[in-house]
file upload-v5.pdb (PDB, N, CA and C atoms)
MODEL        1
ATOM      1  N   MET S   1      43.358 -40.443 -32.341
ATOM      2  CA  MET S   1      44.798 -40.466 -32.484
ATOM      3  C   MET S   1      45.477 -39.712 -31.344
ATOM      4  N   GLU S   2      45.009 -39.963 -30.140
ATOM      5  CA  GLU S   2      45.601 -39.330 -28.973
ATOM      6  C   GLU S   2      46.339 -40.360 -28.137
ATOM      7  N   GLY S   3      47.260 -39.892 -27.332
ATOM      8  CA  GLY S   3      47.994 -40.772 -26.425
ATOM      9  C   GLY S   3      48.786 -41.824 -27.180
ATOM     10  N   GLU S   4      48.612 -43.057 -26.754
ATOM     11  CA  GLU S   4      49.329 -44.195 -27.353
ATOM     12  C   GLU S   4      48.989 -44.359 -28.836
ATOM     13  N   PHE S   5      47.743 -44.091 -29.204
ATOM     14  CA  PHE S   5      47.311 -44.285 -30.585
ATOM     15  C   PHE S   5      47.900 -43.258 -31.549
ATOM     16  N   GLY S   6      48.438 -42.160 -31.048
ATOM     17  CA  GLY S   6      48.996 -41.119 -31.904
ATOM     18  C   GLY S   6      50.453 -41.313 -32.273
ATOM     19  N   ARG S   7      51.104 -42.271 -31.660
ATOM     20  CA  ARG S   7      52.532 -42.492 -31.950
ATOM     21  C   ARG S   7      52.706 -43.071 -33.351
ATOM     22  N   PRO S   8      53.726 -42.627 -34.096
ATOM     23  CA  PRO S   8      53.945 -43.108 -35.471
ATOM     24  C   PRO S   8      54.128 -44.626 -35.554
ATOM     25  N   PHE S   9      54.811 -45.209 -34.573
ATOM     26  CA  PHE S   9      55.041 -46.649 -34.585
ATOM     27  C   PHE S   9      53.718 -47.404 -34.480
ATOM     28  N   VAL S  10      52.814 -46.903 -33.664
ATOM     29  CA  VAL S  10      51.511 -47.559 -33.491
ATOM     30  C   VAL S  10      50.707 -47.458 -34.785
ATOM     31  N   LYS S  11      50.744 -46.300 -35.435
ATOM     32  CA  LYS S  11      50.034 -46.124 -36.702
ATOM     33  C   LYS S  11      50.587 -47.057 -37.777
ATOM     34  N   ALA S  12      51.904 -47.164 -37.851
ATOM     35  CA  ALA S  12      52.528 -48.035 -38.850
ATOM     36  C   ALA S  12      52.202 -49.503 -38.569
ATOM     37  N   SER S  13      52.163 -49.877 -37.297
ATOM     38  CA  SER S  13      51.853 -51.265 -36.937
ATOM     39  C   SER S  13      50.419 -51.628 -37.288
ATOM     40  N   ALA S  14      49.519 -50.644 -37.266
ATOM     41  CA  ALA S  14      48.115 -50.912 -37.598
ATOM     42  C   ALA S  14      47.969 -51.397 -39.033
ATOM     43  N   LYS S  15      48.890 -50.988 -39.906
ATOM     44  CA  LYS S  15      48.822 -51.410 -41.308
ATOM     45  C   LYS S  15      49.446 -52.777 -41.534
ATOM     46  N   LYS S  16      50.306 -53.217 -40.605
ATOM     47  CA  LYS S  16      51.057 -54.458 -40.808
ATOM     48  C   LYS S  16      50.524 -55.638 -39.994
ATOM     49  N   LEU S  17      50.035 -55.385 -38.787
ATOM     50  CA  LEU S  17      49.616 -56.468 -37.894
ATOM     51  C   LEU S  17      48.150 -56.816 -38.084
ATOM     52  N   PRO S  18      47.776 -58.083 -37.822
ATOM     53  CA  PRO S  18      46.344 -58.424 -37.784
ATOM     54  C   PRO S  18      45.669 -57.641 -36.659
ATOM     55  N   GLY S  19      44.364 -57.423 -36.780
ATOM     56  CA  GLY S  19      43.638 -56.607 -35.817
ATOM     57  C   GLY S  19      43.770 -57.074 -34.385
ATOM     58  N   TRP S  20      43.625 -58.360 -34.161
ATOM     59  CA  TRP S  20      43.689 -58.871 -32.795
ATOM     60  C   TRP S  20      45.071 -58.670 -32.182
ATOM     61  N   LYS S  21      46.103 -58.865 -32.995
ATOM     62  CA  LYS S  21      47.459 -58.730 -32.473
ATOM     63  C   LYS S  21      47.777 -57.261 -32.182
ATOM     64  N   TRP S  22      47.314 -56.369 -33.059
ATOM     65  CA  TRP S  22      47.528 -54.947 -32.824
ATOM     66  C   TRP S  22      46.841 -54.528 -31.531
ATOM     67  N   TRP S  23      45.623 -55.029 -31.308
ATOM     68  CA  TRP S  23      44.894 -54.663 -30.102
ATOM     69  C   TRP S  23      45.602 -55.163 -28.852
ATOM     70  N   VAL S  24      46.137 -56.373 -28.891
ATOM     71  CA  VAL S  24      46.866 -56.914 -27.734
ATOM     72  C   VAL S  24      48.105 -56.065 -27.447
ATOM     73  N   GLU S  25      48.783 -55.628 -28.507
ATOM     74  CA  GLU S  25      49.999 -54.844 -28.332
ATOM     75  C   GLU S  25      49.742 -53.415 -27.853
ATOM     76  N   PHE S  26      48.725 -52.755 -28.417
ATOM     77  CA  PHE S  26      48.592 -51.313 -28.193
ATOM     78  C   PHE S  26      47.252 -50.867 -27.615
ATOM     79  N   GLY S  27      46.237 -51.672 -27.658
ATOM     80  CA  GLY S  27      44.915 -51.196 -27.279
ATOM     81  C   GLY S  27      44.473 -51.494 -25.869
ATOM     82  N   LEU S  28      45.262 -52.194 -25.114
ATOM     83  CA  LEU S  28      44.833 -52.582 -23.782
ATOM     84  C   LEU S  28      44.735 -51.418 -22.807
ATOM     85  N   GLU S  29      45.334 -50.294 -23.133
ATOM     86  CA  GLU S  29      45.244 -49.140 -22.233
ATOM     87  C   GLU S  29      43.924 -48.398 -22.395
ATOM     88  N   CYS S  30      43.074 -48.882 -23.253
ATOM     89  CA  CYS S  30      41.786 -48.237 -23.520
ATOM     90  C   CYS S  30      40.653 -49.197 -23.123
ATOM     91  N   PRO S  31      40.407 -49.386 -21.816
ATOM     92  CA  PRO S  31      39.434 -50.387 -21.370
ATOM     93  C   PRO S  31      38.000 -50.087 -21.772
ATOM     94  N   GLU S  32      37.660 -48.817 -22.039
ATOM     95  CA  GLU S  32      36.278 -48.509 -22.408
ATOM     96  C   GLU S  32      35.910 -49.067 -23.792
ATOM     97  N   LEU S  33      36.902 -49.434 -24.591
ATOM     98  CA  LEU S  33      36.633 -50.016 -25.912
ATOM     99  C   LEU S  33      36.711 -51.542 -25.926
ATOM    100  N   GLN S  34      37.061 -52.148 -24.802
ATOM    101  CA  GLN S  34      37.289 -53.591 -24.755
ATOM    102  C   GLN S  34      36.084 -54.398 -25.265
ATOM    103  N   SER S  35      34.880 -54.077 -24.795
ATOM    104  CA  SER S  35      33.714 -54.877 -25.201
ATOM    105  C   SER S  35      33.414 -54.712 -26.688
ATOM    106  N   VAL S  36      33.590 -53.499 -27.227
ATOM    107  CA  VAL S  36      33.341 -53.265 -28.643
ATOM    108  C   VAL S  36      34.359 -54.024 -29.488
ATOM    109  N   VAL S  37      35.607 -53.951 -29.106
ATOM    110  CA  VAL S  37      36.671 -54.626 -29.858
ATOM    111  C   VAL S  37      36.474 -56.133 -29.818
ATOM    112  N   GLN S  38      36.079 -56.674 -28.671
ATOM    113  CA  GLN S  38      35.832 -58.112 -28.576
ATOM    114  C   GLN S  38      34.757 -58.537 -29.559
ATOM    115  N   LYS S  39      33.675 -57.775 -29.651
ATOM    116  CA  LYS S  39      32.583 -58.124 -30.561
ATOM    117  C   LYS S  39      33.012 -58.012 -32.018
ATOM    118  N   VAL S  40      33.740 -56.966 -32.345
ATOM    119  CA  VAL S  40      34.153 -56.757 -33.733
ATOM    120  C   VAL S  40      35.158 -57.814 -34.170
ATOM    121  N   LEU S  41      36.150 -58.074 -33.342
ATOM    122  CA  LEU S  41      37.206 -59.009 -33.725
ATOM    123  C   LEU S  41      36.757 -60.471 -33.667
ATOM    124  N   SER S  42      35.640 -60.750 -33.015
ATOM    125  CA  SER S  42      35.172 -62.131 -32.964
ATOM    126  C   SER S  42      34.181 -62.450 -34.075
ATOM    127  N   GLN S  43      33.890 -61.498 -34.943
ATOM    128  CA  GLN S  43      32.983 -61.740 -36.065
ATOM    129  C   GLN S  43      33.629 -62.683 -37.077
ATOM    130  N   ILE S  44      32.829 -63.568 -37.603
ATOM    131  CA  ILE S  44      33.298 -64.496 -38.624
ATOM    132  C   ILE S  44      33.458 -63.715 -39.927
ATOM    133  N   SER S  45      34.568 -63.910 -40.581
ATOM    134  CA  SER S  45      34.833 -63.129 -41.793
ATOM    135  C   SER S  45      34.880 -63.997 -43.049
ATOM    136  N   CYS S  46      33.974 -64.937 -43.132
ATOM    137  CA  CYS S  46      33.901 -65.752 -44.342
ATOM    138  C   CYS S  46      32.474 -65.707 -44.887
ATOM    139  N   THR S  47      32.337 -66.021 -46.133
ATOM    140  CA  THR S  47      31.035 -65.926 -46.777
ATOM    141  C   THR S  47      30.243 -67.221 -46.722
ATOM    142  N   SER S  48      30.814 -68.262 -46.168
ATOM    143  CA  SER S  48      30.119 -69.553 -46.175
ATOM    144  C   SER S  48      28.812 -69.501 -45.396
ATOM    145  N   VAL S  49      28.749 -68.725 -44.305
ATOM    146  CA  VAL S  49      27.520 -68.615 -43.536
ATOM    147  C   VAL S  49      26.432 -67.947 -44.384
ATOM    148  N   CYS S  50      26.804 -66.883 -45.092
ATOM    149  CA  CYS S  50      25.839 -66.200 -45.969
ATOM    150  C   CYS S  50      25.406 -67.105 -47.109
ATOM    151  N   GLU S  51      26.360 -67.825 -47.693
ATOM    152  CA  GLU S  51      26.028 -68.735 -48.794
ATOM    153  C   GLU S  51      25.066 -69.821 -48.329
ATOM    154  N   ARG S  52      25.295 -70.357 -47.137
ATOM    155  CA  ARG S  52      24.421 -71.396 -46.597
ATOM    156  C   ARG S  52      23.022 -70.823 -46.368
ATOM    157  N   ASN S  53      22.958 -69.591 -45.859
ATOM    158  CA  ASN S  53      21.684 -68.944 -45.603
ATOM    159  C   ASN S  53      20.919 -68.715 -46.911
ATOM    160  N   TRP S  54      21.606 -68.245 -47.942
ATOM    161  CA  TRP S  54      20.957 -68.022 -49.239
ATOM    162  C   TRP S  54      20.522 -69.338 -49.863
ATOM    163  N   SER S  55      21.299 -70.380 -49.689
ATOM    164  CA  SER S  55      20.937 -71.686 -50.218
ATOM    165  C   SER S  55      19.648 -72.187 -49.560
ATOM    166  N   THR S  56      19.557 -72.005 -48.248
ATOM    167  CA  THR S  56      18.346 -72.390 -47.532
ATOM    168  C   THR S  56      17.159 -71.561 -48.005
ATOM    169  N   TYR S  57      17.382 -70.273 -48.198
ATOM    170  CA  TYR S  57      16.314 -69.391 -48.677
ATOM    171  C   TYR S  57      15.840 -69.824 -50.067
ATOM    172  N   ASP S  58      16.778 -70.172 -50.937
ATOM    173  CA  ASP S  58      16.402 -70.647 -52.273
ATOM    174  C   ASP S  58      15.623 -71.960 -52.207
ATOM    175  N   PHE S  59      15.983 -72.809 -51.249
ATOM    176  CA  PHE S  59      15.274 -74.071 -51.075
ATOM    177  C   PHE S  59      13.829 -73.823 -50.645
ATOM    178  N   ILE S  60      13.628 -72.870 -49.741
ATOM    179  CA  ILE S  60      12.297 -72.583 -49.207
ATOM    180  C   ILE S  60      11.457 -71.763 -50.182
ATOM    181  N   HIS S  61      12.065 -70.773 -50.804
ATOM    182  CA  HIS S  61      11.316 -69.863 -51.678
ATOM    183  C   HIS S  61      11.625 -70.202 -53.129
ATOM    184  N   ASN S  62      11.009 -71.262 -53.636
ATOM    185  CA  ASN S  62      11.246 -71.693 -55.008
ATOM    186  C   ASN S  62      10.028 -71.387 -55.882
ATOM    187  N   LYS S  63       9.994 -71.889 -57.094
ATOM    188  CA  LYS S  63       8.896 -71.579 -58.028
ATOM    189  C   LYS S  63       7.537 -72.061 -57.517
ATOM    190  N   LYS S  64       7.526 -73.180 -56.808
ATOM    191  CA  LYS S  64       6.257 -73.697 -56.290
ATOM    192  C   LYS S  64       5.756 -72.883 -55.099
ATOM    193  N   ARG S  65       6.678 -72.272 -54.367
ATOM    194  CA  ARG S  65       6.292 -71.511 -53.169
ATOM    195  C   ARG S  65       6.612 -70.031 -53.339
ATOM    196  N   ASN S  66       6.354 -69.484 -54.511
ATOM    197  CA  ASN S  66       6.744 -68.104 -54.753
ATOM    198  C   ASN S  66       5.763 -67.088 -54.166
ATOM    199  N   ARG S  67       4.679 -67.542 -53.551
ATOM    200  CA  ARG S  67       3.735 -66.610 -52.936
ATOM    201  C   ARG S  67       4.051 -66.331 -51.471
ATOM    202  N   LEU S  68       5.099 -66.912 -50.961
ATOM    203  CA  LEU S  68       5.477 -66.650 -49.570
ATOM    204  C   LEU S  68       5.869 -65.191 -49.404
ATOM    205  N   ARG S  69       5.362 -64.592 -48.336
ATOM    206  CA  ARG S  69       5.789 -63.230 -48.021
ATOM    207  C   ARG S  69       7.231 -63.273 -47.535
ATOM    208  N   PRO S  70       8.000 -62.218 -47.749
ATOM    209  CA  PRO S  70       9.410 -62.208 -47.319
ATOM    210  C   PRO S  70       9.591 -62.480 -45.830
ATOM    211  N   ASP S  71       8.716 -61.924 -44.989
ATOM    212  CA  ASP S  71       8.870 -62.161 -43.553
ATOM    213  C   ASP S  71       8.595 -63.624 -43.199
ATOM    214  N   ARG S  72       7.629 -64.244 -43.894
ATOM    215  CA  ARG S  72       7.336 -65.655 -43.663
ATOM    216  C   ARG S  72       8.502 -66.530 -44.135
ATOM    217  N   ALA S  73       9.065 -66.205 -45.285
ATOM    218  CA  ALA S  73      10.216 -66.963 -45.794
ATOM    219  C   ALA S  73      11.406 -66.823 -44.845
ATOM    220  N   ASN S  74      11.635 -65.626 -44.324
ATOM    221  CA  ASN S  74      12.733 -65.424 -43.373
ATOM    222  C   ASN S  74      12.520 -66.243 -42.106
ATOM    223  N   ASP S  75      11.277 -66.299 -41.628
ATOM    224  CA  ASP S  75      10.982 -67.118 -40.449
ATOM    225  C   ASP S  75      11.265 -68.588 -40.721
ATOM    226  N   LEU S  76      10.885 -69.061 -41.888
ATOM    227  CA  LEU S  76      11.140 -70.464 -42.233
ATOM    228  C   LEU S  76      12.632 -70.763 -42.345
ATOM    229  N   VAL S  77      13.392 -69.825 -42.891
ATOM    230  CA  VAL S  77      14.850 -69.997 -42.973
ATOM    231  C   VAL S  77      15.441 -70.085 -41.569
ATOM    232  N   GLU S  78      14.971 -69.243 -40.661
ATOM    233  CA  GLU S  78      15.482 -69.264 -39.286
ATOM    234  C   GLU S  78      15.149 -70.586 -38.601
ATOM    235  N   VAL S  79      13.924 -71.065 -38.766
ATOM    236  CA  VAL S  79      13.526 -72.335 -38.167
ATOM    237  C   VAL S  79      14.359 -73.475 -38.751
ATOM    238  N   PHE S  80      14.520 -73.496 -40.062
ATOM    239  CA  PHE S  80      15.297 -74.536 -40.728
ATOM    240  C   PHE S  80      16.744 -74.543 -40.216
ATOM    241  N   SER S  81      17.339 -73.358 -40.093
ATOM    242  CA  SER S  81      18.725 -73.255 -39.621
ATOM    243  C   SER S  81      18.842 -73.702 -38.174
ATOM    244  N   ASN S  82      17.870 -73.318 -37.340
ATOM    245  CA  ASN S  82      17.909 -73.719 -35.931
ATOM    246  C   ASN S  82      17.721 -75.218 -35.766
ATOM    247  N   LEU S  83      16.864 -75.813 -36.592
ATOM    248  CA  LEU S  83      16.695 -77.266 -36.530
ATOM    249  C   LEU S  83      17.985 -77.992 -36.917
ATOM    250  N   ARG S  84      18.680 -77.462 -37.927
ATOM    251  CA  ARG S  84      19.953 -78.059 -38.331
ATOM    252  C   ARG S  84      20.972 -77.939 -37.195
ATOM    253  N   LEU S  85      20.999 -76.787 -36.520
ATOM    254  CA  LEU S  85      21.921 -76.580 -35.400
ATOM    255  C   LEU S  85      21.591 -77.514 -34.237
ATOM    256  N   ILE S  86      20.312 -77.667 -33.923
ATOM    257  CA  ILE S  86      19.906 -78.577 -32.852
ATOM    258  C   ILE S  86      20.301 -80.006 -33.195
ATOM    259  N   GLY S  87      20.169 -80.381 -34.469
ATOM    260  CA  GLY S  87      20.587 -81.715 -34.894
ATOM    261  C   GLY S  87      22.065 -81.956 -34.671
ATOM    262  N   LYS S  88      22.873 -80.928 -34.923
ATOM    263  CA  LYS S  88      24.315 -81.067 -34.688
ATOM    264  C   LYS S  88      24.627 -81.188 -33.204
ATOM    265  N   VAL S  89      23.942 -80.403 -32.384
ATOM    266  CA  VAL S  89      24.192 -80.427 -30.939
ATOM    267  C   VAL S  89      23.753 -81.759 -30.343
ATOM    268  N   ASN S  90      22.653 -82.300 -30.824
ATOM    269  CA  ASN S  90      22.146 -83.572 -30.292
ATOM    270  C   ASN S  90      22.878 -84.785 -30.849
ATOM    271  N   ASN S  91      23.807 -84.572 -31.753
ATOM    272  CA  ASN S  91      24.587 -85.657 -32.321
ATOM    273  C   ASN S  91      25.361 -86.360 -31.202
ATOM    274  N   ILE S  92      25.452 -87.653 -31.273
ATOM    275  CA  ILE S  92      26.113 -88.440 -30.223
ATOM    276  C   ILE S  92      27.583 -88.048 -30.067
ATOM    277  N   GLU S  93      28.236 -87.696 -31.158
ATOM    278  CA  GLU S  93      29.665 -87.394 -31.110
ATOM    279  C   GLU S  93      29.963 -85.976 -30.618
ATOM    280  N   TYR S  94      28.940 -85.148 -30.423
ATOM    281  CA  TYR S  94      29.151 -83.769 -30.001
ATOM    282  C   TYR S  94      29.464 -83.728 -28.519
ATOM    283  N   GLU S  95      30.534 -83.011 -28.158
ATOM    284  CA  GLU S  95      30.885 -82.827 -26.759
ATOM    285  C   GLU S  95      31.144 -81.353 -26.509
ATOM    286  N   GLU S  96      30.554 -80.836 -25.468
ATOM    287  CA  GLU S  96      30.739 -79.441 -25.100
ATOM    288  C   GLU S  96      32.138 -79.277 -24.515
ATOM    289  N   GLN S  97      32.851 -78.237 -24.956
ATOM    290  CA  GLN S  97      34.170 -77.952 -24.405
ATOM    291  C   GLN S  97      33.990 -77.340 -23.019
ATOM    292  N   MET S  98      34.597 -77.962 -22.011
ATOM    293  CA  MET S  98      34.467 -77.453 -20.644
ATOM    294  C   MET S  98      35.826 -77.418 -19.980
ATOM    295  N   VAL S  99      35.981 -76.465 -19.090
ATOM    296  CA  VAL S  99      37.198 -76.348 -18.317
ATOM    297  C   VAL S  99      36.876 -76.763 -16.886
ATOM    298  N   ALA S 100      37.654 -77.678 -16.338
ATOM    299  CA  ALA S 100      37.437 -78.116 -14.967
ATOM    300  C   ALA S 100      37.951 -77.048 -14.014
ATOM    301  N   TRP S 101      37.104 -76.661 -13.078
ATOM    302  CA  TRP S 101      37.497 -75.644 -12.101
ATOM    303  C   TRP S 101      38.162 -76.309 -10.914
ATOM    304  N   ASP S 102      39.252 -75.723 -10.482
ATOM    305  CA  ASP S 102      39.958 -76.215  -9.311
ATOM    306  C   ASP S 102      39.571 -75.314  -8.146
ATOM    307  N   SER S 103      38.769 -75.830  -7.233
ATOM    308  CA  SER S 103      38.273 -75.007  -6.132
ATOM    309  C   SER S 103      39.278 -74.909  -4.990
ATOM    310  N   GLY S 104      40.261 -75.764  -4.972
ATOM    311  CA  GLY S 104      41.257 -75.731  -3.915
ATOM    312  C   GLY S 104      40.821 -76.472  -2.669
ATOM    313  N   GLU S 105      39.638 -77.082  -2.661
ATOM    314  CA  GLU S 105      39.144 -77.790  -1.491
ATOM    315  C   GLU S 105      39.961 -79.039  -1.202
ATOM    316  N   GLU S 106      40.505 -79.681  -2.242
ATOM    317  CA  GLU S 106      41.299 -80.894  -2.035
ATOM    318  C   GLU S 106      42.534 -80.586  -1.200
ATOM    319  N   GLU S 107      43.153 -79.435  -1.475
ATOM    320  CA  GLU S 107      44.358 -79.056  -0.740
ATOM    321  C   GLU S 107      44.045 -78.815   0.724
ATOM    322  N   LEU S 108      42.861 -78.207   1.022
ATOM    323  CA  LEU S 108      42.479 -77.939   2.404
ATOM    324  C   LEU S 108      42.224 -79.237   3.147
ATOM    325  N   GLU S 109      41.654 -80.234   2.477
ATOM    326  CA  GLU S 109      41.357 -81.517   3.121
ATOM    327  C   GLU S 109      42.644 -82.269   3.433
ATOM    328  N   GLU S 110      43.671 -82.134   2.595
ATOM    329  CA  GLU S 110      44.926 -82.841   2.816
ATOM    330  C   GLU S 110      45.701 -82.263   3.980
ATOM    331  N   GLU S 111      45.557 -80.944   4.208
ATOM    332  CA  GLU S 111      46.294 -80.297   5.297
ATOM    333  C   GLU S 111      45.623 -80.599   6.577
TER     334      GLU S 111
ENDMDL
END
call {"tool": "encode", "arguments": {"input": "upload-v5.pdb", "output": "structure tokens"}}
result
Amino acid sequence: MEGEFGRPFVKASAKKLPGWKWWVEFGLECPELQSVVQKVLSQISCTSVCERNWSTYDFIHNKKRNRLRPDRANDLVEVFSNLRLIGKVNNIEYEEQMVAWDSGEEELEEE
């Protein structure tokens, strides 16, 4: 709570604004925290990923396969999830989002 972070307005805004917006408004003067804040604020905050993971685990570790060791079951869940992800990426309709870079060479050739 030093410097910019100690001002009453900044403290009050922390309770009202979403985290990302508060950081854009007040946290940019603290560059040593930039990488940590990026990682924290980019985390998915829904339970669907956990639910999907538990569903896969239940599928793999059922009554017929109840002798699987926990580490083996976890490995199988990871493989199953990665195969599903690869299937989505290899789907014909999947397109990678790309930004075209403008190198400026066209302008030099015209001059």
call {"tool": "residues_around", "arguments": {"input": "upload-v5.pdb", "residues": "Val77 in chain S", "least_positions_apart": "3", "cutoff": "8 Å", "atoms": "only C-alpha atoms", "output": "VMD selection string"}}
result
chain S and resid 53 56 to 57 60 73 to 74 80 to 81
call {"tool": "atom_distance", "arguments": {"input": "upload-v5.pdb", "atom1": "atom N of Asn62 in chain S", "atom2": "CA of Asp75 in chain S"}}
result
13.8 Å
call {"tool": "closest_residue", "arguments": {"input": "upload-v5.pdb", "among": "S:Gly6, S:Trp20, S:Ser55, S:Glu25", "to": "Gln38 in chain S", "atoms": "only C-alpha atoms"}}
result
S:Trp20
call {"tool": "closest_residue", "arguments": {"input": "upload-v5.pdb", "among": "S:Lys11, S:Phe5, S:Leu76, S:Val49", "to": "Glu29 in chain S", "atoms": "only C-alpha atoms"}}
result
S:Phe5
call {"tool": "select_by_dssp", "arguments": {"input": "upload-v5.pdb", "residues": "range 33-62 of chain S", "states": "alpha helix (DSSP H)", "output": "MDAnalysis selection string"}}
result
chainID S and resid 34:41 48:60
call {"tool": "write_last_selection", "arguments": {"input": "upload-v5.pdb", "atoms": "N, CA and C atoms", "output": "mmCIF file, keeping the file's coordinate frame"}}
result
data_model
loop_
_atom_site.group_PDB
_atom_site.id
_atom_site.type_symbol
_atom_site.label_atom_id
_atom_site.label_comp_id
_atom_site.auth_asym_id
_atom_site.auth_seq_id
_atom_site.Cartn_x
_atom_site.Cartn_y
_atom_site.Cartn_z
ATOM 1 N N GLN S 34 37.061 -52.148 -24.802
ATOM 2 C CA GLN S 34 37.289 -53.591 -24.755
ATOM 3 C C GLN S 34 36.084 -54.398 -25.265
ATOM 4 N N SER S 35 34.880 -54.077 -24.795
ATOM 5 C CA SER S 35 33.714 -54.877 -25.201
ATOM 6 C C SER S 35 33.414 -54.712 -26.688
ATOM 7 N N VAL S 36 33.590 -53.499 -27.227
ATOM 8 C CA VAL S 36 33.341 -53.265 -28.643
ATOM 9 C C VAL S 36 34.359 -54.024 -29.488
ATOM 10 N N VAL S 37 35.607 -53.951 -29.106
ATOM 11 C CA VAL S 37 36.671 -54.626 -29.858
ATOM 12 C C VAL S 37 36.474 -56.133 -29.818
ATOM 13 N N GLN S 38 36.079 -56.674 -28.671
ATOM 14 C CA GLN S 38 35.832 -58.112 -28.576
ATOM 15 C C GLN S 38 34.757 -58.537 -29.559
ATOM 16 N N LYS S 39 33.675 -57.775 -29.651
ATOM 17 C CA LYS S 39 32.583 -58.124 -30.561
ATOM 18 C C LYS S 39 33.012 -58.012 -32.018
ATOM 19 N N VAL S 40 33.740 -56.966 -32.345
ATOM 20 C CA VAL S 40 34.153 -56.757 -33.733
ATOM 21 C C VAL S 40 35.158 -57.814 -34.170
ATOM 22 N N LEU S 41 36.150 -58.074 -33.342
ATOM 23 C CA LEU S 41 37.206 -59.009 -33.725
ATOM 24 C C LEU S 41 36.757 -60.471 -33.667
ATOM 25 N N SER S 48 30.814 -68.262 -46.168
ATOM 26 C CA SER S 48 30.119 -69.553 -46.175
ATOM 27 C C SER S 48 28.812 -69.501 -45.396
ATOM 28 N N VAL S 49 28.749 -68.725 -44.305
ATOM 29 C CA VAL S 49 27.520 -68.615 -43.536
ATOM 30 C C VAL S 49 26.432 -67.947 -44.384
ATOM 31 N N CYS S 50 26.804 -66.883 -45.092
ATOM 32 C CA CYS S 50 25.839 -66.200 -45.969
ATOM 33 C C CYS S 50 25.406 -67.105 -47.109
ATOM 34 N N GLU S 51 26.360 -67.825 -47.693
ATOM 35 C CA GLU S 51 26.028 -68.735 -48.794
ATOM 36 C C GLU S 51 25.066 -69.821 -48.329
ATOM 37 N N ARG S 52 25.295 -70.357 -47.137
ATOM 38 C CA ARG S 52 24.421 -71.396 -46.597
ATOM 39 C C ARG S 52 23.022 -70.823 -46.368
ATOM 40 N N ASN S 53 22.958 -69.591 -45.859
ATOM 41 C CA ASN S 53 21.684 -68.944 -45.603
ATOM 42 C C ASN S 53 20.919 -68.715 -46.911
ATOM 43 N N TRP S 54 21.606 -68.245 -47.942
ATOM 44 C CA TRP S 54 20.957 -68.022 -49.239
ATOM 45 C C TRP S 54 20.522 -69.338 -49.863
ATOM 46 N N SER S 55 21.299 -70.380 -49.689
ATOM 47 C CA SER S 55 20.937 -71.686 -50.218
ATOM 48 C C SER S 55 19.648 -72.187 -49.560
ATOM 49 N N THR S 56 19.557 -72.005 -48.248
ATOM 50 C CA THR S 56 18.346 -72.390 -47.532
ATOM 51 C C THR S 56 17.159 -71.561 -48.005
ATOM 52 N N TYR S 57 17.382 -70.273 -48.198
ATOM 53 C CA TYR S 57 16.314 -69.391 -48.677
ATOM 54 C C TYR S 57 15.840 -69.824 -50.067
ATOM 55 N N ASP S 58 16.778 -70.172 -50.937
ATOM 56 C CA ASP S 58 16.402 -70.647 -52.273
ATOM 57 C C ASP S 58 15.623 -71.960 -52.207
ATOM 58 N N PHE S 59 15.983 -72.809 -51.249
ATOM 59 C CA PHE S 59 15.274 -74.071 -51.075
ATOM 60 C C PHE S 59 13.829 -73.823 -50.645
ATOM 61 N N ILE S 60 13.628 -72.870 -49.741
ATOM 62 C CA ILE S 60 12.297 -72.583 -49.207
ATOM 63 C C ILE S 60 11.457 -71.763 -50.182
#
call {"tool": "atom_distance", "arguments": {"input": "upload-v5.pdb", "atom1": "CA of Ser48 in chain S", "atom2": "CA of Lys64 in chain S"}}
result
26.2 Å
call {"tool": "closest_residue", "arguments": {"input": "upload-v5.pdb", "among": "S:Asp71, S:Gly19, S:Arg7, S:Cys30", "to": "Ser42 in chain S", "atoms": "only C-alpha atoms"}}
result
S:Gly19
